[in-house]
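Student: You'll find work-v2.txt just under this line, and it carries compact mmCIF, C-alpha atoms and all ligand atoms.
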```txt
# COMPACT_ATOMS: atom_id res chain seq x y z
CA MET A 274 -94.24 143.47 73.89
CA PRO A 275 -94.03 144.40 77.59
CA ARG A 276 -96.89 144.74 79.99
CA MET A 277 -97.45 148.48 80.43
CA MET A 278 -97.14 149.91 83.89
CA THR A 279 -100.32 151.38 85.28
CA SER A 280 -100.28 154.96 86.48
CA ASP A 281 -102.45 157.92 87.28
CA PRO A 282 -103.63 159.86 84.23
CA ASP A 283 -101.35 162.70 83.15
CA ASN A 284 -103.25 165.95 83.71
CA LEU A 285 -100.21 167.94 84.89
CA PHE A 286 -100.45 170.61 82.20
CA ASP A 287 -104.23 170.96 82.17
CA ARG A 288 -104.54 173.69 84.77
CA PRO A 289 -104.57 177.11 83.08
CA ASP A 290 -103.64 178.92 86.31
CA ALA A 291 -100.58 176.79 87.19
CA PRO A 292 -97.31 178.69 86.72
CA ILE A 293 -95.19 177.59 83.76
CA ARG A 294 -91.87 176.48 85.15
CA PRO A 295 -89.12 174.35 83.61
CA PHE A 296 -90.01 170.66 83.36
CA GLU A 297 -88.68 168.56 86.25
CA PHE A 298 -88.80 164.85 86.98
CA ASP A 299 -90.42 165.36 90.38
CA ALA A 300 -92.93 163.25 92.34
CA ASP A 301 -95.88 164.53 90.27
CA VAL A 302 -94.23 163.50 87.01
CA ALA A 303 -93.18 160.12 88.45
CA ARG A 304 -96.80 159.46 89.51
CA VAL A 305 -98.17 159.94 85.98
CA PHE A 306 -95.07 158.97 83.98
CA PRO A 307 -96.24 155.71 82.34
CA ASP A 308 -99.40 157.44 81.07
CA MET A 309 -97.44 160.54 80.02
CA VAL A 310 -94.78 158.68 78.08
CA ARG A 311 -97.26 156.35 76.36
CA ARG A 312 -99.42 159.28 75.19
CA SER A 313 -96.46 161.52 74.24
CA VAL A 314 -93.90 159.25 72.56
CA PRO A 315 -95.14 157.52 69.41
CA GLY A 316 -93.98 153.92 69.37
CA TYR A 317 -92.80 153.94 73.01
CA ALA A 318 -94.07 150.42 73.82
CA GLU A 319 -92.44 149.04 70.68
CA LEU A 320 -89.19 150.87 71.45
CA VAL A 321 -89.07 149.34 74.95
CA GLY A 322 -90.00 145.85 73.77
CA LEU A 323 -87.44 145.91 70.97
CA SER A 324 -84.79 147.18 73.43
CA GLY A 325 -85.39 143.99 75.41
CA LEU A 326 -84.96 141.88 72.28
CA ILE A 327 -81.76 143.75 71.42
CA ALA A 328 -80.50 143.12 74.96
CA ARG A 329 -81.13 139.42 74.45
CA ARG A 330 -78.77 139.44 71.44
CA VAL A 331 -76.12 141.76 72.84
CA ALA A 332 -75.82 140.96 76.57
CA ARG A 333 -72.93 138.64 77.41
CA PRO A 334 -72.77 136.34 80.45
CA GLY A 335 -70.71 137.80 83.28
CA THR A 336 -71.02 141.41 82.05
CA ALA A 337 -73.30 144.29 83.00
CA CYS A 338 -76.18 146.04 81.24
CA TYR A 339 -76.85 149.67 82.16
CA ASP A 340 -80.13 151.57 81.83
CA LEU A 341 -79.12 155.23 82.13
CA GLY A 342 -82.03 157.57 82.89
CA CYS A 343 -84.16 154.54 83.73
CA SER A 344 -87.24 156.44 85.02
CA LEU A 345 -89.62 153.72 86.27
CA GLY A 346 -87.55 151.00 84.66
CA ALA A 347 -89.51 150.00 81.57
CA VAL A 348 -86.25 149.11 79.78
CA THR A 349 -84.66 147.71 82.96
CA ARG A 350 -87.51 145.25 83.31
CA ALA A 351 -87.51 144.39 79.60
CA MET A 352 -83.78 143.60 79.94
CA LEU A 353 -84.36 141.52 83.07
CA ARG A 354 -86.79 139.32 81.16
CA GLN A 355 -84.37 138.80 78.26
CA VAL A 356 -80.78 138.53 79.49
CA PRO A 357 -78.91 135.56 81.04
CA ALA A 358 -78.99 135.20 84.82
CA THR A 359 -75.27 136.01 85.14
CA VAL A 360 -75.79 139.50 83.71
CA ARG A 361 -75.89 142.30 86.25
CA ILE A 362 -78.34 145.11 85.49
CA VAL A 363 -77.59 148.64 86.66
CA ALA A 364 -80.42 151.18 86.57
CA VAL A 365 -79.50 154.84 87.07
CA ASP A 366 -81.65 157.95 87.45
CA ASN A 367 -81.02 161.21 89.28
CA ALA A 368 -84.69 161.74 90.14
CA PRO A 369 -85.37 160.29 93.62
CA ALA A 370 -89.09 159.90 92.84
CA MET A 371 -88.27 157.75 89.79
CA ILE A 372 -85.87 155.49 91.71
CA ALA A 373 -88.43 155.15 94.54
CA GLY A 374 -91.15 154.29 92.00
CA LEU A 375 -88.90 151.72 90.34
CA ARG A 376 -87.99 150.17 93.70
CA ASP A 377 -91.73 149.73 94.47
CA ARG A 378 -92.37 148.20 91.06
CA LEU A 379 -89.56 145.68 91.53
CA ALA A 380 -90.80 144.54 94.94
CA ASP A 381 -92.24 141.23 93.78
CA VAL A 382 -90.50 140.79 90.44
CA PRO A 383 -88.59 137.48 90.30
CA GLY A 384 -84.87 138.05 89.68
CA ALA A 385 -84.99 141.71 90.73
CA GLU A 386 -82.04 141.13 93.09
CA ARG A 387 -79.85 141.21 89.97
CA ILE A 388 -80.78 144.86 89.50
CA GLU A 389 -78.72 147.55 91.19
CA LEU A 390 -80.59 150.85 91.55
CA ILE A 391 -78.48 153.99 91.65
CA CYS A 392 -79.90 157.45 92.30
CA ALA A 393 -77.21 159.62 90.72
CA ASP A 394 -76.31 161.73 87.74
CA VAL A 395 -75.45 159.48 84.80
CA GLU A 396 -72.28 161.52 84.33
CA ALA A 397 -71.08 160.46 87.79
CA VAL A 398 -71.49 156.72 87.22
CA ARG A 399 -68.49 154.78 86.01
CA ILE A 400 -69.46 152.28 83.31
CA GLU A 401 -67.53 149.03 83.77
CA GLN A 402 -67.52 145.66 82.00
CA ALA A 403 -70.68 146.53 80.10
CA SER A 404 -71.95 144.58 77.12
CA LEU A 405 -74.93 146.94 76.67
CA VAL A 406 -75.62 150.51 77.75
CA VAL A 407 -79.05 152.00 77.08
CA LEU A 408 -79.80 155.72 76.90
CA ASN A 409 -83.54 155.59 76.16
CA LEU A 410 -84.68 159.23 75.78
CA THR A 411 -82.08 160.44 78.30
CA LEU A 412 -79.21 162.08 76.37
CA GLN A 413 -81.62 164.84 75.30
CA PHE A 414 -81.71 166.06 78.93
CA ILE A 415 -77.90 166.29 79.28
CA PRO A 416 -76.43 169.73 78.47
CA PRO A 417 -75.29 169.50 74.80
CA GLU A 418 -71.68 170.45 75.55
CA ARG A 419 -71.34 167.42 77.86
CA ARG A 420 -72.91 164.82 75.59
CA LEU A 421 -69.69 163.78 73.81
CA SER A 422 -67.77 163.15 77.03
CA LEU A 423 -70.68 161.07 78.39
CA LEU A 424 -70.59 158.92 75.24
CA GLN A 425 -66.80 158.62 75.47
CA GLY A 426 -67.12 157.35 79.05
CA ILE A 427 -69.71 154.81 77.96
CA ARG A 428 -67.53 153.69 75.05
CA ALA A 429 -64.58 153.19 77.41
CA GLY A 430 -66.66 150.98 79.73
CA LEU A 431 -67.92 148.60 77.03
CA VAL A 432 -66.37 145.17 76.52
CA PRO A 433 -65.27 144.24 72.97
CA GLY A 434 -68.40 143.58 70.92
CA GLY A 435 -70.50 145.65 73.34
CA ALA A 436 -72.97 148.28 72.22
CA LEU A 437 -74.76 151.49 73.11
CA LEU A 438 -78.49 151.71 72.44
CA LEU A 439 -79.47 155.36 72.01
CA ALA A 440 -83.03 156.63 71.53
CA GLU A 441 -83.83 160.31 71.21
CA LYS A 442 -86.37 162.89 70.18
CA ILE A 443 -84.69 164.49 67.19
CA ARG A 444 -84.59 167.97 65.71
CA VAL A 445 -85.17 168.05 61.98
CA LEU A 446 -82.92 170.66 60.37
CA ASP A 447 -85.03 171.35 57.32
CA ASP A 448 -87.70 173.94 58.29
CA ARG A 449 -90.47 172.46 56.23
CA ASN A 450 -89.94 168.81 57.24
CA GLY A 451 -89.21 169.80 60.84
CA ALA A 452 -92.43 171.78 61.14
CA TRP A 453 -94.39 168.97 59.50
CA LEU A 454 -93.05 166.28 61.88
CA THR A 455 -93.62 168.52 64.89
CA ALA A 456 -97.20 169.15 63.74
CA LEU A 457 -97.78 165.42 63.33
CA HIS A 458 -96.33 164.76 66.80
CA GLU A 459 -98.80 167.28 68.19
CA ASP A 460 -101.61 165.53 66.27
CA PHE A 461 -100.50 162.31 68.00
CA LYS A 462 -100.79 164.03 71.39
CA ARG A 463 -104.21 165.49 70.49
CA ALA A 464 -105.40 162.05 69.36
CA ASN A 465 -104.28 160.75 72.77
CA GLY A 466 -106.50 163.22 74.57
CA TYR A 467 -104.15 166.14 75.32
CA SER A 468 -105.71 169.60 75.02
CA GLU A 469 -104.20 172.47 73.03
CA LEU A 470 -103.43 174.13 76.32
CA ALA A 471 -101.67 171.08 77.77
CA ILE A 472 -99.63 170.65 74.59
CA ALA A 473 -98.57 174.30 74.56
CA ARG A 474 -97.76 174.39 78.27
CA LYS A 475 -95.63 171.25 78.13
CA ARG A 476 -93.83 172.61 75.04
CA ALA A 477 -92.93 175.73 77.01
CA ALA A 478 -91.85 173.74 80.08
CA LEU A 479 -89.55 171.51 77.99
CA GLU A 480 -87.82 174.38 76.21
CA ARG A 481 -84.14 174.50 77.21
CA VAL A 482 -84.70 171.31 79.32
CA LEU A 483 -85.12 168.77 76.51
CA VAL A 484 -82.69 169.93 73.81
CA PRO A 485 -82.93 167.67 70.74
CA ASP A 486 -80.09 167.24 68.27
CA SER A 487 -80.38 166.37 64.59
CA ILE A 488 -79.79 162.85 63.27
CA GLU A 489 -76.59 164.15 61.68
CA THR A 490 -75.27 165.55 64.98
CA HIS A 491 -76.03 162.29 66.79
CA GLU A 492 -74.35 160.14 64.17
CA GLN A 493 -71.28 162.38 63.99
CA ARG A 494 -71.00 162.42 67.79
CA LEU A 495 -71.27 158.62 68.04
CA ALA A 496 -68.40 158.35 65.53
CA ALA A 497 -66.39 160.97 67.44
CA ALA A 498 -66.88 158.98 70.66
CA GLY A 499 -65.23 155.98 68.99
CA PHE A 500 -68.18 153.81 67.95
CA ILE A 501 -67.18 152.06 64.75
CA GLU A 502 -70.53 151.12 63.32
CA VAL A 503 -73.91 152.72 63.86
CA THR A 504 -77.30 151.35 62.78
CA ARG A 505 -80.50 153.36 62.91
CA TRP A 506 -83.15 150.76 63.73
CA PHE A 507 -86.23 152.73 64.78
CA GLN A 508 -88.07 155.87 63.83
CA SER A 509 -91.56 156.98 64.71
CA LEU A 510 -92.20 160.62 63.73
CA ASN A 511 -89.47 162.62 65.48
CA PHE A 512 -88.25 159.78 67.72
CA VAL A 513 -85.25 157.78 66.53
CA ALA A 514 -83.12 154.94 67.93
CA TRP A 515 -79.68 153.69 67.03
CA ILE A 516 -77.37 150.89 68.06
CA ALA A 517 -73.69 151.84 68.13
CA TRP A 518 -71.03 149.12 68.22
CA THR A 519 -67.56 149.10 69.71
N1 LIG B 1 -78.23 163.83 84.35
C1 LIG B 1 -79.08 162.83 84.58
N2 LIG B 1 -78.69 161.78 85.31
C2 LIG B 1 -79.56 160.75 85.56
N3 LIG B 1 -80.82 160.71 85.10
C3 LIG B 1 -81.23 161.76 84.37
C4 LIG B 1 -80.41 162.86 84.08
N4 LIG B 1 -81.11 163.75 83.34
C5 LIG B 1 -82.33 163.22 83.18
N5 LIG B 1 -82.42 162.02 83.79
C6 LIG B 1 -83.56 161.11 83.85
O1 LIG B 1 -83.80 160.66 82.55
C7 LIG B 1 -85.16 160.24 82.44
C8 LIG B 1 -85.69 160.68 81.10
S1 LIG B 1 -87.17 159.81 80.61
C9 LIG B 1 -86.44 158.24 80.21
C10 LIG B 1 -87.41 157.17 79.91
C11 LIG B 1 -86.93 155.80 80.31
N6 LIG B 1 -85.56 155.53 79.88
C12 LIG B 1 -87.87 154.74 79.81
O2 LIG B 1 -87.44 153.90 79.01
O3 LIG B 1 -89.04 154.76 80.23
C13 LIG B 1 -87.52 160.38 79.02
C14 LIG B 1 -88.57 161.38 78.91
O4 LIG B 1 -89.21 161.67 79.94
O5 LIG B 1 -88.74 161.93 77.78
C15 LIG B 1 -85.89 160.84 83.64
O6 LIG B 1 -86.32 159.84 84.52
C16 LIG B 1 -84.86 161.76 84.28
O7 LIG B 1 -84.97 161.83 85.68
O1 LIG B 2 -93.89 165.24 75.25
C1 LIG B 2 -92.91 165.41 74.54
O2 LIG B 2 -92.86 166.35 73.72
C2 LIG B 2 -91.78 164.50 74.59
O3 LIG B 2 -90.81 164.76 73.96
C3 LIG B 2 -91.82 163.27 75.41
C4 LIG B 2 -91.67 163.40 76.86
C5 LIG B 2 -92.24 162.42 77.63
C6 LIG B 2 -92.15 162.49 79.00
C7 LIG B 2 -91.47 163.55 79.60
C8 LIG B 2 -90.87 164.52 78.83
C9 LIG B 2 -90.97 164.45 77.44
```
Go through the file and emit its structure as structure tokens.
Ligand SMILES: Nc1ncnc2c1ncn2[C@@H]1O[C@H](C[S@+](CC[C@H]([NH3+])C(=O)[O-])CC(=O)[O-])[C@@H](O)[C@H]1O
Ligand SMILES: O=C(O)C(=O)Cc1ccccc1
Tutor:
Amino acid sequence: MPRMMTSDPDNLFDRPDAPIRPFEFDADVARVFPDMVRRSVPGYAELVGLSGLIARRVARPGTACYDLGCSLGAVTRAMLRQVPATVRIVAVDNAPAMIAGLRDRLADVPGAERIELICADVEAVRIEQASLVVLNLTLQFIPPERRLSLLQGIRAGLVPGGALLLAEKIRVLDDRNGAWLTALHEDFKRANGYSELAIARKRAALERVLVPDSIETHEQRLAAAGFIEVTRWFQSLNFVAWIAWT
């Protein structure tokens, strides 16, 4: 499994007097992101490590692998370690602080010249000659009505035999099971040292910013975008990952 990136501790939602505003991937979030994501997403390290292993199987020489919504490049760097030297890696994020943080982290990584960093909206990037495209916890931040066309664009840019790796926080449709999984996710955060206040404030900040879909919606949308076979290969509480094949 990958070496975790070090970061400042995430205390962004601890201050009771700070105004609640919609969650943004700004410089403060970028500074604490590795700590935040590790303490907030159950199974995150495993998800990233397994994404690297999947890249090793799926990436084809002479093609490209894309990490869309790369943040500080955990998946980008897992891919770099696993894919052949002739594979180009394209890492995209629209948050300047994330791209700057990733650039710093790549400074003395051998092979990093194979990685192209793009600070742009994922919807504006043309996917070309890709054997693997990764959306690791990114689609949930795209407005729901634009998700299908983003997946269609990705599908069109994949080479035959190529795949999309999608990981998302999911919404559970059934009230009872949904409430239970959400409660357990909050237990996970509490066990990782987040206060009730921090949990509640982040929940409010993420409302309307991170909009989860159900497993059913994701699987129907992947089919509608033209993916012919879809395998769900990871679930930890309300976080799920799929691989979707061309
Ligand atoms: N429209 C957009 N265009 C480009 N980037 C975007 C957009 N919307 C959001 N982002 C970017 O998507 C990332 C989502 S985090 C991904 C974790 C990473 N994949 C990881 O493996 O560590 C997940 C999370 O924080 O829950 C952020 O860096 C945003 O700036
Ligand atoms: O904290 C949450 O509830 C999440 O869904 C994970 C997360 C991690 C980092 C930024 C935004 C959301």
Student: What residues have an atom no more than 12 Å from (-84.9, 157.9, 71.5) in the file's own frame, counting all atoms listed in the file, and can you write them as a PDB file with C-alpha atoms, keeping the file's coordinate frame?
Tutor:
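The new file result-v7.pdb reads:
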```pdb
ATOM      1  CA  VAL A 310     -94.780 158.680  78.080  1.00  0.00           C
ATOM      2  CA  VAL A 314     -93.900 159.250  72.560  1.00  0.00           C
ATOM      3  CA  PRO A 315     -95.140 157.520  69.410  1.00  0.00           C
ATOM      4  CA  GLY A 316     -93.980 153.920  69.370  1.00  0.00           C
ATOM      5  CA  TYR A 317     -92.800 153.940  73.010  1.00  0.00           C
ATOM      6  CA  GLU A 319     -92.440 149.040  70.680  1.00  0.00           C
ATOM      7  CA  LEU A 320     -89.190 150.870  71.450  1.00  0.00           C
ATOM      8  CA  VAL A 321     -89.070 149.340  74.950  1.00  0.00           C
ATOM      9  CA  SER A 324     -84.790 147.180  73.430  1.00  0.00           C
ATOM     10  CA  GLY A 342     -82.030 157.570  82.890  1.00  0.00           C
ATOM     11  CA  VAL A 407     -79.050 152.000  77.080  1.00  0.00           C
ATOM     12  CA  LEU A 408     -79.800 155.720  76.900  1.00  0.00           C
ATOM     13  CA  ASN A 409     -83.540 155.590  76.160  1.00  0.00           C
ATOM     14  CA  LEU A 410     -84.680 159.230  75.780  1.00  0.00           C
ATOM     15  CA  THR A 411     -82.080 160.440  78.300  1.00  0.00           C
ATOM     16  CA  LEU A 412     -79.210 162.080  76.370  1.00  0.00           C
ATOM     17  CA  GLN A 413     -81.620 164.840  75.300  1.00  0.00           C
ATOM     18  CA  PHE A 414     -81.710 166.060  78.930  1.00  0.00           C
ATOM     19  CA  LEU A 438     -78.490 151.710  72.440  1.00  0.00           C
ATOM     20  CA  LEU A 439     -79.470 155.360  72.010  1.00  0.00           C
ATOM     21  CA  ALA A 440     -83.030 156.630  71.530  1.00  0.00           C
ATOM     22  CA  GLU A 441     -83.830 160.310  71.210  1.00  0.00           C
ATOM     23  CA  LYS A 442     -86.370 162.890  70.180  1.00  0.00           C
ATOM     24  CA  ILE A 443     -84.690 164.490  67.190  1.00  0.00           C
ATOM     25  CA  ARG A 444     -84.590 167.970  65.710  1.00  0.00           C
ATOM     26  CA  LEU A 483     -85.120 168.770  76.510  1.00  0.00           C
ATOM     27  CA  PRO A 485     -82.930 167.670  70.740  1.00  0.00           C
ATOM     28  CA  ASP A 486     -80.090 167.240  68.270  1.00  0.00           C
ATOM     29  CA  SER A 487     -80.380 166.370  64.590  1.00  0.00           C
ATOM     30  CA  ILE A 488     -79.790 162.850  63.270  1.00  0.00           C
ATOM     31  CA  HIS A 491     -76.030 162.290  66.790  1.00  0.00           C
ATOM     32  CA  ARG A 505     -80.500 153.360  62.910  1.00  0.00           C
ATOM     33  CA  TRP A 506     -83.150 150.760  63.730  1.00  0.00           C
ATOM     34  CA  PHE A 507     -86.230 152.730  64.780  1.00  0.00           C
ATOM     35  CA  GLN A 508     -88.070 155.870  63.830  1.00  0.00           C
ATOM     36  CA  SER A 509     -91.560 156.980  64.710  1.00  0.00           C
ATOM     37  CA  LEU A 510     -92.200 160.620  63.730  1.00  0.00           C
ATOM     38  CA  ASN A 511     -89.470 162.620  65.480  1.00  0.00           C
ATOM     39  CA  PHE A 512     -88.250 159.780  67.720  1.00  0.00           C
ATOM     40  CA  VAL A 513     -85.250 157.780  66.530  1.00  0.00           C
ATOM     41  CA  ALA A 514     -83.120 154.940  67.930  1.00  0.00           C
ATOM     42  CA  TRP A 515     -79.680 153.690  67.030  1.00  0.00           C
ATOM     43  CA  ILE A 516     -77.370 150.890  68.060  1.00  0.00           C
TER      44      ILE A 516
END
```
Student: Write out as number ranges by chain the residues lying within 9 Å of A:Ala477, counting only C-alpha atoms and excluding same-chain residues fewer than 6 positions away.
Tutor: A: 293-296
Student: Taking all atoms listed in the file into account, name the residue in A:Leu479, A:Leu285, A:Ala291, A:Ile415 that is nearest to ligand LIG 1 (chain B).
Tutor: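 The shortest atom-to-atom distance to ligand LIG 1 (chain B) comes from A:Ile415.
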Student: Looking at A:Ala478, A:Ala517, A:Ile501, A:Val365, which one is nearest to ligand LIG 2 (chain B), with distances taken over all atoms listed in the file?
Tutor: A:Ala478
Student: Atom CA of A:Leu390 and atom CA of A:Asp377, how far apart in Å?
Tutor: 11.6 Å
Student: Find the residues around A:Ala368 up to 8 Å (only C-alpha atoms counted), leave out those fewer than 5 positions away in its own chain, and share them as a PDB file with C-alpha atoms, in the frame of the given file.
Tutor:
```pdb
ATOM      1  CA  PHE A 298     -88.800 164.850  86.980  1.00  0.00           C
ATOM      2  CA  ASP A 299     -90.420 165.360  90.380  1.00  0.00           C
ATOM      3  CA  SER A 344     -87.240 156.440  85.020  1.00  0.00           C
ATOM      4  CA  CYS A 392     -79.900 157.450  92.300  1.00  0.00           C
ATOM      5  CA  ALA A 393     -77.210 159.620  90.720  1.00  0.00           C
TER       6      ALA A 393
END
```
Student: Name the residues within 8 Å of (-78.3, 143.4, 81.2), counting only C-alpha atoms in the file's coordinates, and put them as a ChimeraX atom specification.
Tutor: /A:328,332,336-339,349,352-353,356-357,360-363,404-405
Student: What is the atom N6 of ligand LIG 1 (chain B)-atom CA of A:Gly499 distance in Å, reported with one decimal?
Tutor: 23.1 Å
Student: Fewer than 2 positions away in the same chain doesn't count, so skip those; otherwise give me all residues within 10 Å of A:Ala385, counting all atoms listed in the file, as a compact mmCIF listing (two decimals) with C-alpha atoms, in the coordinates of the input.
Tutor:
```
# COMPACT_ATOMS: atom_id res chain seq x y z
CA THR A 349 -84.66 147.71 82.96
CA ARG A 350 -87.51 145.25 83.31
CA LEU A 353 -84.36 141.52 83.07
CA ILE A 362 -78.34 145.11 85.49
CA ARG A 376 -87.99 150.17 93.70
CA ARG A 378 -92.37 148.20 91.06
CA LEU A 379 -89.56 145.68 91.53
CA ALA A 380 -90.80 144.54 94.94
CA ASP A 381 -92.24 141.23 93.78
CA VAL A 382 -90.50 140.79 90.44
CA PRO A 383 -88.59 137.48 90.30
CA ARG A 387 -79.85 141.21 89.97
CA ILE A 388 -80.78 144.86 89.50
CA GLU A 389 -78.72 147.55 91.19
```
Student: Residues near A:Leu431, anyone? I mean within 6 Å using all atoms listed in the file, not counting same-chain ones fewer than 2 positions away, as number ranges by chain.
Tutor: A: 402-404, 428-429, 435
Student: Nearest to ligand LIG 1 (chain B) among A:Phe306, A:Trp453, A:Tyr467, A:Trp518, with distances taken over only C-alpha atoms and all ligand atoms: which residue is it?
Tutor: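 Once distances to ligand LIG 1 (chain B) are computed over only C-alpha atoms and all ligand atoms, the minimum belongs to A:Phe306.
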Student: Just the number, please: distance in Å from atom CA of A:Ala351 to atom O1 of ligand LIG 1 (chain B), one decimal.
Tutor: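 Atom CA of A:Ala351 sits 16.9 Å away from atom O1 of ligand LIG 1 (chain B).
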Student: Need the shell around A:Gly346: protein/DNA/RNA residues with any atom at most 8 Å away, counting all atoms listed in the file. Skip same-chain ones fewer than 4 positions apart. Format as a list in words?
Tutor: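 My list of contacting residues is Asp340, Arg350, Ala364 and Leu375 of chain A.
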Student: For the residues selected in the previous step, produce a file with C-alpha atoms as an mmCIF file, keeping the file's coordinate frame.
Tutor:
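After the write, result27.cif holds the following:
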```cif
data_model
loop_
_atom_site.group_PDB
_atom_site.id
_atom_site.type_symbol
_atom_site.label_atom_id
_atom_site.label_comp_id
_atom_site.auth_asym_id
_atom_site.auth_seq_id
_atom_site.Cartn_x
_atom_site.Cartn_y
_atom_site.Cartn_z
ATOM 1 C CA ASP A 340 -80.130 151.570 81.830
ATOM 2 C CA ARG A 350 -87.510 145.250 83.310
ATOM 3 C CA ALA A 364 -80.420 151.180 86.570
ATOM 4 C CA LEU A 375 -88.900 151.720 90.340
#
```
Student: Could you write out as lines of an AutoDock Vina configuration file the box around ligand LIG 1 (chain B) (axis-aligned, all atoms listed in the file, 4 Å on each side), with centre and edge lengths in Å to one decimal?
Tutor:
```
center_x = -83.7
center_y = 158.9
center_z = 81.7
size_x = 19.0
size_y = 17.9
size_z = 15.9
```
Student: Looking at A:Arg474, A:Met309, A:Phe461, A:Gly322, which one is nearest to A:Pro292, with distances taken over all atoms listed in the file?
Tutor: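 Smallest distance to A:Pro292 is found for A:Arg474.
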Student: With distances taken over all atoms listed in the file, which of A:Pro307, A:Pro433, A:Gly466, A:Pro282 is nearest to ligand LIG 2 (chain B)?
Tutor: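 Smallest distance to ligand LIG 2 (chain B) is found for A:Pro307.
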Student: With distances taken over all atoms listed in the file, which residue among A:Asp460, A:Glu492, A:Glu386, A:Asp447 lies nearest ligand LIG 2 (chain B)?
Tutor: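 Distance minimum relative to ligand LIG 2 (chain B) lands on A:Asp460.
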